[in-house]
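**Q** Here you go, this is coords-v6.txt (compact mmCIF, C-alpha atoms).
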```txt
# COMPACT_ATOMS: atom_id res chain seq x y z
CA MET A 12 36.02 -7.83 -9.72
CA GLN A 13 32.35 -7.51 -10.69
CA GLN A 14 30.13 -6.15 -7.93
CA PRO A 15 27.09 -8.26 -7.02
CA HIS A 16 23.81 -6.73 -8.14
CA ARG A 17 21.54 -5.07 -5.60
CA PRO A 18 18.14 -6.73 -5.11
CA LEU A 19 15.47 -4.60 -6.75
CA VAL A 20 12.34 -3.35 -5.01
CA LEU A 21 10.19 -2.07 -7.87
CA LEU A 22 6.96 -0.07 -7.66
CA VAL A 23 4.59 0.22 -10.62
CA GLY A 24 1.92 2.91 -10.45
CA GLY A 25 1.23 6.61 -10.27
CA ALA A 26 3.59 9.55 -9.86
CA TYR A 27 1.64 12.78 -9.49
CA ILE A 28 2.16 16.43 -8.76
CA ASP A 29 0.06 17.39 -5.73
CA LEU A 30 -1.26 20.92 -5.25
CA VAL A 31 -2.33 21.09 -1.61
CA LEU A 32 -4.63 23.90 -0.49
CA HIS A 33 -4.53 24.24 3.30
CA VAL A 34 -7.81 25.72 4.58
CA PRO A 35 -9.21 26.35 8.08
CA GLU A 36 -12.23 24.18 7.30
CA PHE A 37 -13.71 22.46 4.27
CA PRO A 38 -15.72 24.95 2.19
CA ALA A 39 -19.43 24.62 1.55
CA GLU A 40 -20.59 24.26 -2.03
CA ASP A 41 -20.48 27.55 -3.95
CA ASP A 42 -18.52 29.12 -1.05
CA LYS A 43 -15.39 31.26 -1.27
CA LEU A 44 -12.51 30.58 1.09
CA ARG A 45 -8.94 31.83 1.45
CA ALA A 46 -6.22 29.17 1.72
CA THR A 47 -3.70 29.67 4.52
CA LYS A 48 -0.96 27.93 2.53
CA VAL A 49 -0.43 26.25 -0.84
CA ASP A 50 2.08 23.42 -1.32
CA ARG A 51 3.26 21.94 -4.60
CA ARG A 52 4.75 18.56 -3.90
CA THR A 53 5.23 15.09 -5.35
CA GLY A 54 2.41 12.59 -4.99
CA GLY A 55 0.76 9.48 -6.35
CA ASN A 56 0.40 6.23 -4.41
CA ALA A 57 3.40 4.44 -5.88
CA PHE A 58 5.68 7.48 -5.84
CA ASN A 59 4.80 8.21 -2.20
CA THR A 60 5.48 4.59 -1.30
CA ALA A 61 8.88 4.82 -3.02
CA CYS A 62 9.69 7.98 -1.04
CA VAL A 63 9.15 6.09 2.20
CA LEU A 64 10.67 2.77 1.12
CA ALA A 65 13.89 4.46 0.10
CA GLN A 66 14.29 5.63 3.70
CA ILE A 67 13.34 2.43 5.54
CA SER A 68 14.12 -0.54 3.26
CA PRO A 69 17.26 -2.64 3.73
CA PRO A 70 20.35 -0.63 2.66
CA ALA A 71 21.31 -3.28 0.13
CA ALA A 72 18.04 -2.86 -1.81
CA ALA A 73 17.66 -0.66 -4.89
CA VAL A 74 14.24 1.05 -4.84
CA ALA A 75 12.76 2.18 -8.17
CA ILE A 76 9.40 3.28 -9.57
CA VAL A 77 8.10 2.94 -13.13
CA SER A 78 5.27 5.31 -13.99
CA PRO A 79 3.63 7.01 -16.97
CA ALA A 80 4.63 10.67 -17.22
CA GLY A 81 3.64 13.83 -19.05
CA THR A 82 5.04 17.33 -19.24
CA GLY A 83 5.22 19.55 -16.19
CA GLY A 84 6.52 17.28 -13.42
CA ASP A 85 10.24 16.97 -14.18
CA ASP A 86 11.24 19.78 -11.83
CA LEU A 87 9.93 17.89 -8.77
CA LEU A 88 9.76 14.15 -9.36
CA GLY A 89 13.30 13.44 -10.53
CA PRO A 90 15.00 15.69 -7.95
CA THR A 91 12.89 14.21 -5.14
CA ALA A 92 13.89 10.68 -6.15
CA ASP A 93 17.55 11.69 -6.34
CA ARG A 94 17.43 13.37 -2.93
CA LEU A 95 15.81 10.39 -1.21
CA GLY A 96 17.94 7.82 -3.00
CA PHE A 97 15.65 5.91 -5.35
CA THR A 98 15.30 5.68 -9.13
CA TYR A 99 12.42 7.32 -10.99
CA LEU A 100 11.85 5.74 -14.40
CA PRO A 101 9.15 7.63 -16.31
CA LEU A 102 7.53 6.48 -19.53
CA THR A 103 7.00 9.92 -21.00
CA HIS A 104 4.10 10.94 -23.23
CA PRO A 105 5.08 14.46 -24.40
CA ASN A 106 1.60 15.34 -25.69
CA HIS A 107 0.01 14.96 -22.24
CA LEU A 108 0.21 17.09 -19.12
CA HIS A 109 1.56 15.34 -16.06
CA PRO A 110 -1.14 13.95 -13.72
CA THR A 111 -2.11 16.40 -10.98
CA ALA A 112 -4.01 15.95 -7.73
CA TYR A 113 -5.75 19.00 -6.25
CA ILE A 114 -6.03 18.42 -2.51
CA ILE A 115 -8.09 20.42 0.01
CA ALA A 116 -6.59 19.85 3.46
CA SER A 117 -8.86 20.91 6.34
CA ALA A 118 -7.20 22.08 9.57
CA ALA A 119 -10.46 21.58 11.49
CA THR A 120 -10.88 17.86 10.76
CA LYS A 121 -7.42 16.86 9.43
CA SER A 122 -9.24 15.48 6.37
CA ARG A 123 -8.05 15.78 2.80
CA THR A 124 -10.35 15.83 -0.20
CA ILE A 125 -8.73 14.96 -3.52
CA VAL A 126 -9.67 15.78 -7.11
CA ASN A 127 -7.43 14.11 -9.70
CA HIS A 128 -6.77 15.09 -13.30
CA ALA A 129 -4.94 12.52 -15.42
CA THR A 130 -5.10 11.82 -19.15
CA LEU A 131 -2.03 9.64 -19.61
CA PRO A 132 -2.29 6.22 -21.26
CA ALA A 133 -2.02 3.39 -18.75
CA LEU A 134 1.28 1.59 -18.35
CA ASP A 135 1.29 -1.83 -20.00
CA ASP A 136 3.77 -4.69 -20.19
CA ALA A 137 5.49 -3.32 -23.29
CA GLY A 138 5.92 0.04 -21.58
CA LEU A 139 7.33 -1.59 -18.45
CA ARG A 140 9.87 -3.52 -20.51
CA THR A 141 10.79 -0.40 -22.52
CA VAL A 142 11.47 1.64 -19.39
CA LEU A 143 13.50 -1.06 -17.66
CA ALA A 144 15.51 -1.64 -20.85
CA SER A 145 16.59 2.00 -20.67
CA SER A 146 18.21 1.40 -17.28
CA GLU A 147 21.68 -0.07 -17.15
CA HIS A 148 21.42 -1.44 -13.60
CA LEU A 149 17.73 -2.25 -12.95
CA ARG A 150 16.49 -5.55 -14.32
CA LEU A 151 13.47 -7.73 -13.58
CA ASP A 152 15.68 -10.76 -13.00
CA HIS A 153 17.16 -8.87 -10.03
CA ALA A 154 13.74 -8.18 -8.50
CA ALA A 155 13.14 -9.17 -4.88
CA TRP A 156 9.78 -7.40 -4.64
CA VAL A 157 7.41 -5.79 -7.17
CA HIS A 158 4.43 -3.74 -6.01
CA PHE A 159 1.51 -2.87 -8.29
CA GLU A 160 -0.90 -0.06 -7.59
CA GLY A 161 -4.41 -1.27 -8.44
CA ARG A 162 -5.24 0.97 -11.38
CA PRO A 163 -8.12 0.52 -13.89
CA ASN A 164 -6.02 -1.38 -16.49
CA VAL A 165 -6.41 -4.71 -14.70
CA ASP A 166 -5.60 -6.87 -17.74
CA ASP A 167 -2.32 -4.99 -18.23
CA ILE A 168 -1.42 -5.43 -14.57
CA ARG A 169 -2.10 -9.14 -14.79
CA THR A 170 0.18 -9.41 -17.83
CA MET A 171 2.92 -7.44 -16.05
CA ILE A 172 2.67 -9.75 -13.04
CA ASP A 173 3.08 -12.75 -15.36
CA SER A 174 6.17 -11.10 -16.89
CA VAL A 175 7.68 -10.54 -13.45
CA ARG A 176 7.07 -14.16 -12.47
CA ASP A 177 8.68 -15.34 -15.73
CA ALA A 178 11.73 -13.07 -15.52
CA ALA A 179 12.45 -12.77 -11.80
CA PRO A 180 13.81 -15.34 -9.36
CA SER A 181 11.34 -17.82 -7.86
CA THR A 182 11.71 -15.94 -4.56
CA VAL A 183 10.32 -12.65 -5.93
CA ARG A 184 7.25 -11.40 -4.09
CA ILE A 185 4.35 -9.54 -5.66
CA SER A 186 2.07 -7.10 -3.86
CA VAL A 187 -1.06 -5.32 -5.06
CA GLU A 188 -3.07 -2.45 -3.62
CA LEU A 189 -6.88 -2.54 -3.85
CA GLU A 190 -8.00 0.97 -2.98
CA ARG A 191 -10.72 2.26 -5.31
CA PRO A 192 -13.96 0.24 -5.35
CA ASN A 193 -14.97 1.69 -8.73
CA ARG A 194 -12.26 -0.25 -10.57
CA PRO A 195 -13.84 -3.54 -11.72
CA GLY A 196 -11.76 -6.69 -11.77
CA LEU A 197 -9.14 -5.74 -9.18
CA ASP A 198 -10.16 -8.77 -7.13
CA SER A 199 -8.82 -11.00 -9.93
CA LEU A 200 -5.32 -9.87 -8.92
CA ILE A 201 -5.62 -11.23 -5.37
CA PRO A 202 -4.66 -14.86 -6.17
CA LEU A 203 -1.57 -13.61 -8.03
CA ALA A 204 -0.09 -11.73 -5.07
CA ASP A 205 1.96 -12.57 -1.99
CA MET A 206 0.73 -9.42 -0.25
CA VAL A 207 -2.56 -7.54 -0.69
CA VAL A 208 -3.54 -4.19 0.83
CA VAL A 209 -7.30 -3.61 0.92
CA SER A 210 -8.77 -0.20 1.72
CA ARG A 211 -11.77 0.20 3.99
CA GLU A 212 -13.80 1.58 1.07
CA TYR A 213 -12.96 -1.37 -1.16
CA ALA A 214 -13.89 -3.90 1.54
CA VAL A 215 -17.25 -2.22 2.26
CA ALA A 216 -18.06 -2.10 -1.46
CA HIS A 217 -17.38 -5.85 -1.62
CA GLY A 218 -19.57 -6.93 1.25
CA ARG A 219 -17.89 -5.87 4.47
CA ARG A 220 -20.52 -4.49 6.84
CA PRO A 221 -19.96 -0.73 7.28
CA LEU A 222 -19.44 0.60 10.78
CA LEU A 223 -22.57 2.61 11.57
CA PRO A 224 -23.07 4.91 14.58
CA GLU A 225 -25.57 2.42 16.04
CA SER A 226 -23.23 -0.56 15.62
CA HIS A 227 -22.75 -1.67 19.22
CA ASP A 228 -23.62 -5.36 19.17
CA HIS A 229 -21.83 -8.35 17.73
CA ALA A 230 -24.83 -10.31 16.47
CA HIS A 231 -23.64 -9.99 12.87
CA LEU A 232 -20.19 -11.45 13.58
CA ASP A 233 -18.94 -14.99 13.30
CA PRO A 234 -18.80 -16.23 16.95
CA SER A 235 -15.14 -17.17 16.59
CA VAL A 236 -14.32 -13.57 15.69
CA VAL A 237 -15.89 -12.36 18.94
CA ASP A 238 -14.29 -15.11 21.03
CA ASP A 239 -10.77 -14.72 19.66
CA THR A 240 -10.67 -10.95 19.33
CA SER A 241 -12.71 -9.58 22.22
CA SER A 242 -10.24 -6.75 22.83
CA TRP A 243 -10.35 -5.53 19.22
CA PRO A 244 -12.51 -2.56 18.20
CA LEU A 245 -15.67 -3.53 16.35
CA GLU A 246 -14.43 -2.31 12.96
CA ALA A 247 -11.39 -4.55 13.24
CA ARG A 248 -13.64 -7.53 13.94
CA LEU A 249 -15.86 -6.60 11.01
CA SER A 250 -12.76 -6.59 8.80
CA LEU A 251 -11.65 -9.99 10.06
CA ASP A 252 -15.13 -11.46 9.61
CA TRP A 253 -15.19 -10.18 6.02
CA ALA A 254 -11.68 -11.47 5.36
CA ARG A 255 -12.70 -14.96 6.43
CA SER A 256 -15.73 -15.07 4.18
CA TRP A 257 -14.67 -13.05 1.11
CA LEU A 258 -10.90 -12.67 1.07
CA LEU A 259 -9.64 -16.03 2.32
CA PRO A 260 -10.82 -18.09 -0.69
CA LYS A 261 -9.01 -15.69 -3.03
CA LEU A 262 -5.63 -15.54 -1.24
CA CYS A 263 -2.88 -17.86 -2.39
CA PRO A 264 -1.31 -20.11 0.29
CA GLY A 265 1.04 -18.13 2.54
CA ALA A 266 -0.22 -14.76 1.29
CA VAL A 267 -0.66 -11.84 3.68
CA ALA A 268 -3.41 -9.22 3.47
CA PHE A 269 -3.58 -5.91 5.29
CA MET A 270 -6.70 -3.86 6.00
CA PRO A 271 -5.73 -0.37 7.23
CA MET A 272 -8.41 1.54 9.14
CA GLY A 273 -6.88 4.98 9.62
CA SER A 274 -7.09 6.20 13.20
CA LEU A 275 -8.28 2.75 14.36
CA GLY A 276 -5.08 1.02 13.27
CA ALA A 277 -5.02 -2.03 10.99
CA VAL A 278 -5.79 -5.74 10.71
CA ALA A 279 -3.50 -8.28 9.04
CA VAL A 280 -4.38 -11.82 7.99
CA GLN A 281 -2.37 -14.65 6.50
CA ARG A 282 -3.62 -17.76 4.76
CA THR A 283 -2.05 -20.89 6.29
CA ARG A 284 -2.75 -24.64 6.45
CA THR A 285 -3.43 -27.00 9.32
CA ASP A 286 -1.59 -30.31 9.64
CA SER A 287 -4.60 -31.99 8.05
CA GLY A 288 -4.38 -29.68 5.04
CA GLN A 289 -7.31 -27.45 5.89
CA THR A 290 -7.10 -23.75 5.08
CA ARG A 291 -6.98 -21.39 8.02
CA LEU A 292 -6.66 -17.64 8.49
CA MET A 293 -4.09 -16.31 10.94
CA SER A 294 -4.81 -12.76 12.15
CA ALA A 295 -3.38 -9.79 14.04
CA TYR A 296 -4.58 -6.34 15.04
CA GLU A 297 -2.51 -3.26 15.85
CA PRO A 298 -3.95 0.06 17.08
CA ALA A 299 -2.80 3.27 15.46
CA LEU A 300 0.27 4.98 16.86
CA ALA A 301 -0.68 7.71 19.35
CA VAL A 302 0.62 10.88 17.68
CA ASP A 303 -0.47 14.46 17.07
CA VAL A 304 -1.82 14.40 13.53
CA VAL A 305 -0.09 16.91 11.23
CA ASP A 306 -0.55 15.59 7.68
CA THR A 307 -2.56 12.53 6.62
CA ILE A 308 -1.79 12.85 2.89
CA GLY A 309 -0.06 9.64 1.86
CA ALA A 310 -0.56 7.84 5.18
CA GLY A 311 -1.80 4.74 3.37
CA ASP A 312 1.19 4.85 1.03
CA ALA A 313 3.51 5.01 4.05
CA PHE A 314 1.68 2.00 5.51
CA ASN A 315 2.27 0.08 2.26
CA ALA A 316 5.97 0.95 2.38
CA GLY A 317 6.20 -0.17 5.99
CA ALA A 318 4.51 -3.48 5.21
CA ILE A 319 6.78 -4.22 2.24
CA ALA A 320 9.96 -3.28 4.11
CA ALA A 321 8.87 -5.25 7.19
CA LEU A 322 8.07 -8.38 5.19
CA LEU A 323 11.45 -8.15 3.48
CA HIS A 324 13.01 -7.68 6.90
CA VAL A 325 11.46 -10.39 9.06
CA MET A 326 9.10 -12.71 7.27
CA THR A 327 9.69 -15.84 5.23
CA PRO A 328 7.06 -17.04 2.73
CA ASP A 329 6.26 -20.05 4.89
CA ALA A 330 2.84 -21.71 4.66
CA THR A 331 3.77 -24.80 6.71
CA THR A 332 2.01 -25.94 9.77
CA SER A 333 3.84 -27.36 12.78
CA ALA A 334 2.84 -25.81 16.11
CA THR A 335 6.20 -24.08 16.41
CA ALA A 336 6.04 -22.80 12.84
CA VAL A 337 2.51 -21.50 13.37
CA ASP A 338 3.52 -19.71 16.58
CA ASN A 339 6.51 -18.19 14.81
CA GLN A 340 4.36 -17.11 11.89
CA ARG A 341 1.84 -15.51 14.21
CA LEU A 342 4.59 -13.56 15.96
CA ARG A 343 6.09 -12.48 12.64
CA LEU A 344 2.71 -11.37 11.32
CA ALA A 345 2.15 -9.27 14.44
CA ARG A 346 5.64 -7.76 14.13
CA VAL A 347 5.13 -6.89 10.47
CA LEU A 348 1.79 -5.23 11.21
CA ARG A 349 3.27 -3.27 14.12
CA MET A 350 6.07 -2.00 11.90
CA ALA A 351 3.67 -0.96 9.10
CA VAL A 352 1.37 0.86 11.51
CA GLY A 353 4.40 2.49 13.13
CA VAL A 354 5.68 3.84 9.80
CA ALA A 355 2.23 5.23 8.95
CA GLY A 356 2.03 6.83 12.40
CA ARG A 357 5.41 8.48 12.01
CA LYS A 358 4.31 9.85 8.65
CA VAL A 359 1.04 11.47 9.86
CA ALA A 360 2.99 13.16 12.65
CA ARG A 361 4.98 15.23 10.11
CA ASP A 362 4.39 17.25 6.98
CA GLY A 363 5.38 15.40 3.81
CA PHE A 364 7.68 12.38 3.63
CA ASP A 365 11.10 13.61 4.73
CA GLY A 366 12.65 12.42 7.98
CA LEU A 367 11.09 8.94 8.05
CA ALA A 368 14.33 6.94 8.21
CA VAL A 369 14.01 4.44 11.04
CA ASN A 370 15.36 1.08 12.14
CA LEU A 371 12.36 -1.18 11.67
CA ASP A 372 13.26 -3.19 14.75
CA ASP A 373 12.68 -0.04 16.81
CA LEU A 374 9.00 -0.12 15.78
CA MET A 375 8.39 -3.62 17.16
```
Could you rewrite the structure in this file as structure tokens?

**A**
Amino acid sequence: MQQPHRPLVLLVGGAYIDLVLHVPEFPAEDDKLRATKVDRRTGGNAFNTACVLAQISPPAAAVAIVSPAGTGGDDLLGPTADRLGFTYLPLTHPNHLHPTAYIIASAATKSRTIVNHATLPALDDAGLRTVLASSEHLRLDHAAWVHFEGRPNVDDIRTMIDSVRDAAPSTVRISVELERPNRPGLDSLIPLADMVVVSREYAVAHGRRPLLPESHDHAHLDPSVVDDTSSWPLEARLSLDWARSWLLPKLCPGAVAFMPMGSLGAVAVQRTRTDSGQTRLMSAYEPALAVDVVDTIGAGDAFNAGAIAALLHVMTPDATTSATAVDNQRLRLARVLRMAVGVAGRKVARDGFDGLAVNLDDLM
């Protein structure tokens, strides 16, 4: 008897080798400093997200990542994927070194400063199809979720999203990550996605008011933001105000957007409709998990994994409008955000990505 296929959760983006220099404090320019420890580990937004998703996604799902690859990473990336239970599908360019991130991790501030070196050609639709064709069990028409890291090759990403929509079931969900503000055109991907993750830096570069030390008043906020969210920290209200003015017109109906804020937690919004057909933005805020911070590298990637797994777990793509449906949607949105923040909090409380397996319901 033929076994039913496993629904595919596919990530498309970077797989790096990270060289982490642990230092007592960040060095001054032209200074000399001795590292207390050096780690060589796997990295890259999409690969990190796969590491977490493989531990927390529904057991029936098959997690895989497609990424460009060079020489020099095979000893870590493949074995890590095997150990954590997901599939690493590299598109190898043998004349290029594998992408590397050099990370300075400061013990004094828990910050991490990253310098990347990558020369690989960007992944395009032909490359995605080539890699998937090499796999006997992973096919786009089995995809339940496909996540795209927002890299500079926006036109290629748009074409790959179109290919996923054409090949996968109508229920497939697409997510995109908008992290780097210096990558023009990423905003054109927003209407194509069911889930969008927007970094603080990206939002500020696209009009969100930055949180300044003297920012104590609410004069710059939409009055409804102050009235409805009086218990939220100011940065969360700034994010919601920006989402209403800049993000809402770009979101497709029913789409969810997340705005992580590090130690302040995160805001989530969802585009819905009123009974009269008017567009409205549903919102939720969740403070960060109270933990002793050990390692913030990849915290945003863990958040992304938590959001994807939580949406697969509890949320239906429902943009309808009855009072009961709206209340249920609001509760589901709050649950999803709580789970995503909880996964990110568990990650920063430990070094690396091992040991993150958790029942998502326990994070509610």

**Q** Could you tell me how far CA of Ser186 in chain A lies from CA of Asp166 in chain A, in Å and to one decimal?

**A**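 For CA of Ser186 in chain A relative to CA of Asp166 in chain A, the distance reads 15.9 Å.
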
**Q** If you count all atoms listed in the file, which residues fall within 9 Å of Tyr99 in chain A, apart from same-chain ones fewer than 2 positions away, as an NGL selection string?

**A** :A and (58 or 74-78 or 88-89 or 92-93 or 97 or 101)

**Q** What does the distance between CA of Pro69 in chain A and CA of Asn370 in chain A come to in Å, to one decimal place?

**A**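 CA of Pro69 in chain A sits 9.4 Å away from CA of Asn370 in chain A.
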
**Q** My list of candidates is A:Ala57, A:Val208, A:Val165, A:Ala72. Which is closest to Pro195 in chain A when distances are computed with all atoms listed in the file?

**A**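 Ranking A:Ala57, A:Val208, A:Val165, A:Ala72 by distance to Pro195 in chain A, first place goes to A:Val165.
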
**Q** Residues within 8 Å of Arg341 in chain A, please, as a list in words. Count all atoms listed in the file; anything in the same chain fewer than 4 positions from it doesn't count.

**A**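 The residues satisfying every condition are Met293, Ser294, Ala295, Val337 and Ala345 of chain A.
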
**Q** Mind giving me the straight-line distance from CA of Phe314 in chain A to CA of Lys121 in chain A in Å, one decimal?

**A** 17.9 Å

**Q** Which residue, A:His109, A:Arg284, A:Arg220, A:His128, has the smallest gap to Leu245 in chain A when you use only C-alpha atoms?

**A**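 For Leu245 in chain A, the nearest of the given residues is A:Arg220.
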
**Q** Please return, as a list in words, all polymer residues that have at least one atom within 8 Å of the point (-3.1, -9.0, 4.8); use all atoms listed in the file and the file's own coordinate frame.

**A**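 Within 8 Å of (-3.1, -9.0, 4.8), the protein and nucleic acid residues are Met206, Val207, Val208, Val209, Ala266, Val267, Ala268, Phe269, Met270, Val278, Ala279, Val280 and Gln281 of chain A.
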
**Q** I need the residue nearest Asn164 in chain A from this list: A:Val187, A:Val305, A:Leu87, A:Leu197. Use only C-alpha atoms for the distance.

**A**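 Comparing A:Val187, A:Val305, A:Leu87, A:Leu197 against Asn164 in chain A, the winner is A:Leu197.
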
**Q** Please provide the set of residues having any atom within 8 Å of range 18-31 of chain A, restricted to all atoms listed in the file, with same-chain residues fewer than 2 positions apart removed, written as an MDAnalysis selection string.

**A** chainID A and resid 16 33 49:59 61 71:80 84 87:88 109:116 149:151 153:162

**Q** Complete the atoms of range 187-196 of chain A to all heavy atoms and put them out as a PDB file, keeping the file's coordinate frame.

**A**
```pdb
ATOM      1  N   VAL A 187      -0.099  -6.162  -4.347  1.00  0.00           N
ATOM      2  CA  VAL A 187      -1.060  -5.320  -5.060  1.00  0.00           C
ATOM      3  C   VAL A 187      -1.855  -4.524  -4.036  1.00  0.00           C
ATOM      4  O   VAL A 187      -2.086  -4.977  -2.905  1.00  0.00           O
ATOM      5  CB  VAL A 187      -2.019  -6.146  -5.942  1.00  0.00           C
ATOM      6  CG1 VAL A 187      -1.254  -6.852  -7.049  1.00  0.00           C
ATOM      7  CG2 VAL A 187      -2.825  -7.134  -5.122  1.00  0.00           C
ATOM      8  N   GLU A 188      -2.267  -3.332  -4.458  1.00  0.00           N
ATOM      9  CA  GLU A 188      -3.070  -2.450  -3.620  1.00  0.00           C
ATOM     10  C   GLU A 188      -4.468  -2.334  -4.217  1.00  0.00           C
ATOM     11  O   GLU A 188      -4.618  -1.976  -5.389  1.00  0.00           O
ATOM     12  CB  GLU A 188      -2.431  -1.072  -3.533  1.00  0.00           C
ATOM     13  CG  GLU A 188      -3.232  -0.072  -2.707  1.00  0.00           C
ATOM     14  CD  GLU A 188      -2.651   1.333  -2.772  1.00  0.00           C
ATOM     15  OE1 GLU A 188      -1.950   1.645  -3.755  1.00  0.00           O
ATOM     16  OE2 GLU A 188      -2.917   2.109  -1.841  1.00  0.00           O
ATOM     17  N   LEU A 189      -5.488  -2.660  -3.430  1.00  0.00           N
ATOM     18  CA  LEU A 189      -6.880  -2.540  -3.850  1.00  0.00           C
ATOM     19  C   LEU A 189      -7.497  -1.392  -3.067  1.00  0.00           C
ATOM     20  O   LEU A 189      -7.894  -1.552  -1.910  1.00  0.00           O
ATOM     21  CB  LEU A 189      -7.647  -3.839  -3.581  1.00  0.00           C
ATOM     22  CG  LEU A 189      -6.979  -5.137  -4.048  1.00  0.00           C
ATOM     23  CD1 LEU A 189      -7.892  -6.319  -3.769  1.00  0.00           C
ATOM     24  CD2 LEU A 189      -6.622  -5.086  -5.524  1.00  0.00           C
ATOM     25  N   GLU A 190      -7.556  -0.223  -3.691  1.00  0.00           N
ATOM     26  CA  GLU A 190      -8.000   0.970  -2.980  1.00  0.00           C
ATOM     27  C   GLU A 190      -9.359   1.476  -3.467  1.00  0.00           C
ATOM     28  O   GLU A 190     -10.261   1.697  -2.671  1.00  0.00           O
ATOM     29  CB  GLU A 190      -6.967   2.092  -3.130  1.00  0.00           C
ATOM     30  CG  GLU A 190      -7.358   3.361  -2.388  1.00  0.00           C
ATOM     31  CD  GLU A 190      -6.380   4.495  -2.622  1.00  0.00           C
ATOM     32  OE1 GLU A 190      -5.776   4.553  -3.712  1.00  0.00           O
ATOM     33  OE2 GLU A 190      -6.230   5.329  -1.723  1.00  0.00           O
ATOM     34  N   ARG A 191      -9.510   1.648  -4.769  1.00  0.00           N
ATOM     35  CA  ARG A 191     -10.720   2.260  -5.310  1.00  0.00           C
ATOM     36  C   ARG A 191     -11.757   1.195  -5.649  1.00  0.00           C
ATOM     37  O   ARG A 191     -11.511   0.320  -6.496  1.00  0.00           O
ATOM     38  CB  ARG A 191     -10.384   3.051  -6.579  1.00  0.00           C
ATOM     39  CG  ARG A 191      -9.275   4.069  -6.406  1.00  0.00           C
ATOM     40  CD  ARG A 191      -9.811   5.458  -6.160  1.00  0.00           C
ATOM     41  NE  ARG A 191      -8.720   6.420  -6.155  1.00  0.00           N
ATOM     42  CZ  ARG A 191      -8.384   7.158  -7.199  1.00  0.00           C
ATOM     43  NH1 ARG A 191      -9.050   7.038  -8.333  1.00  0.00           N
ATOM     44  NH2 ARG A 191      -7.393   8.028  -7.114  1.00  0.00           N
ATOM     45  N   PRO A 192     -12.943   1.260  -5.054  1.00  0.00           N
ATOM     46  CA  PRO A 192     -13.960   0.240  -5.350  1.00  0.00           C
ATOM     47  C   PRO A 192     -14.572   0.359  -6.737  1.00  0.00           C
ATOM     48  O   PRO A 192     -15.231  -0.573  -7.198  1.00  0.00           O
ATOM     49  CB  PRO A 192     -15.013   0.471  -4.262  1.00  0.00           C
ATOM     50  CG  PRO A 192     -14.815   1.869  -3.802  1.00  0.00           C
ATOM     51  CD  PRO A 192     -13.350   2.156  -3.963  1.00  0.00           C
ATOM     52  N   ASN A 193     -14.360   1.502  -7.408  1.00  0.00           N
ATOM     53  CA  ASN A 193     -14.970   1.690  -8.730  1.00  0.00           C
ATOM     54  C   ASN A 193     -14.066   1.216  -9.860  1.00  0.00           C
ATOM     55  O   ASN A 193     -14.203   1.660 -11.001  1.00  0.00           O
ATOM     56  CB  ASN A 193     -15.331   3.174  -8.932  1.00  0.00           C
ATOM     57  CG  ASN A 193     -14.109   4.091  -8.869  1.00  0.00           C
ATOM     58  OD1 ASN A 193     -13.045   3.675  -8.426  1.00  0.00           O
ATOM     59  ND2 ASN A 193     -14.272   5.331  -9.305  1.00  0.00           N
ATOM     60  N   ARG A 194     -13.147   0.309  -9.558  1.00  0.00           N
ATOM     61  CA  ARG A 194     -12.260  -0.250 -10.570  1.00  0.00           C
ATOM     62  C   ARG A 194     -12.541  -1.747 -10.690  1.00  0.00           C
ATOM     63  O   ARG A 194     -11.983  -2.560  -9.946  1.00  0.00           O
ATOM     64  CB  ARG A 194     -10.798   0.019 -10.222  1.00  0.00           C
ATOM     65  CG  ARG A 194     -10.450   1.500 -10.301  1.00  0.00           C
ATOM     66  CD  ARG A 194      -9.035   1.805  -9.867  1.00  0.00           C
ATOM     67  NE  ARG A 194      -8.726   3.217 -10.115  1.00  0.00           N
ATOM     68  CZ  ARG A 194      -7.601   3.812  -9.740  1.00  0.00           C
ATOM     69  NH1 ARG A 194      -6.665   3.126  -9.087  1.00  0.00           N
ATOM     70  NH2 ARG A 194      -7.400   5.096 -10.010  1.00  0.00           N
ATOM     71  N   PRO A 195     -13.426  -2.138 -11.625  1.00  0.00           N
ATOM     72  CA  PRO A 195     -13.840  -3.540 -11.720  1.00  0.00           C
ATOM     73  C   PRO A 195     -12.664  -4.463 -12.028  1.00  0.00           C
ATOM     74  O   PRO A 195     -11.759  -4.117 -12.778  1.00  0.00           O
ATOM     75  CB  PRO A 195     -14.851  -3.540 -12.881  1.00  0.00           C
ATOM     76  CG  PRO A 195     -15.201  -2.121 -13.134  1.00  0.00           C
ATOM     77  CD  PRO A 195     -14.082  -1.291 -12.632  1.00  0.00           C
ATOM     78  N   GLY A 196     -12.725  -5.653 -11.449  1.00  0.00           N
ATOM     79  CA  GLY A 196     -11.760  -6.690 -11.770  1.00  0.00           C
ATOM     80  C   GLY A 196     -10.515  -6.713 -10.918  1.00  0.00           C
ATOM     81  O   GLY A 196      -9.692  -7.624 -11.055  1.00  0.00           O
TER      82      GLY A 196
END
```
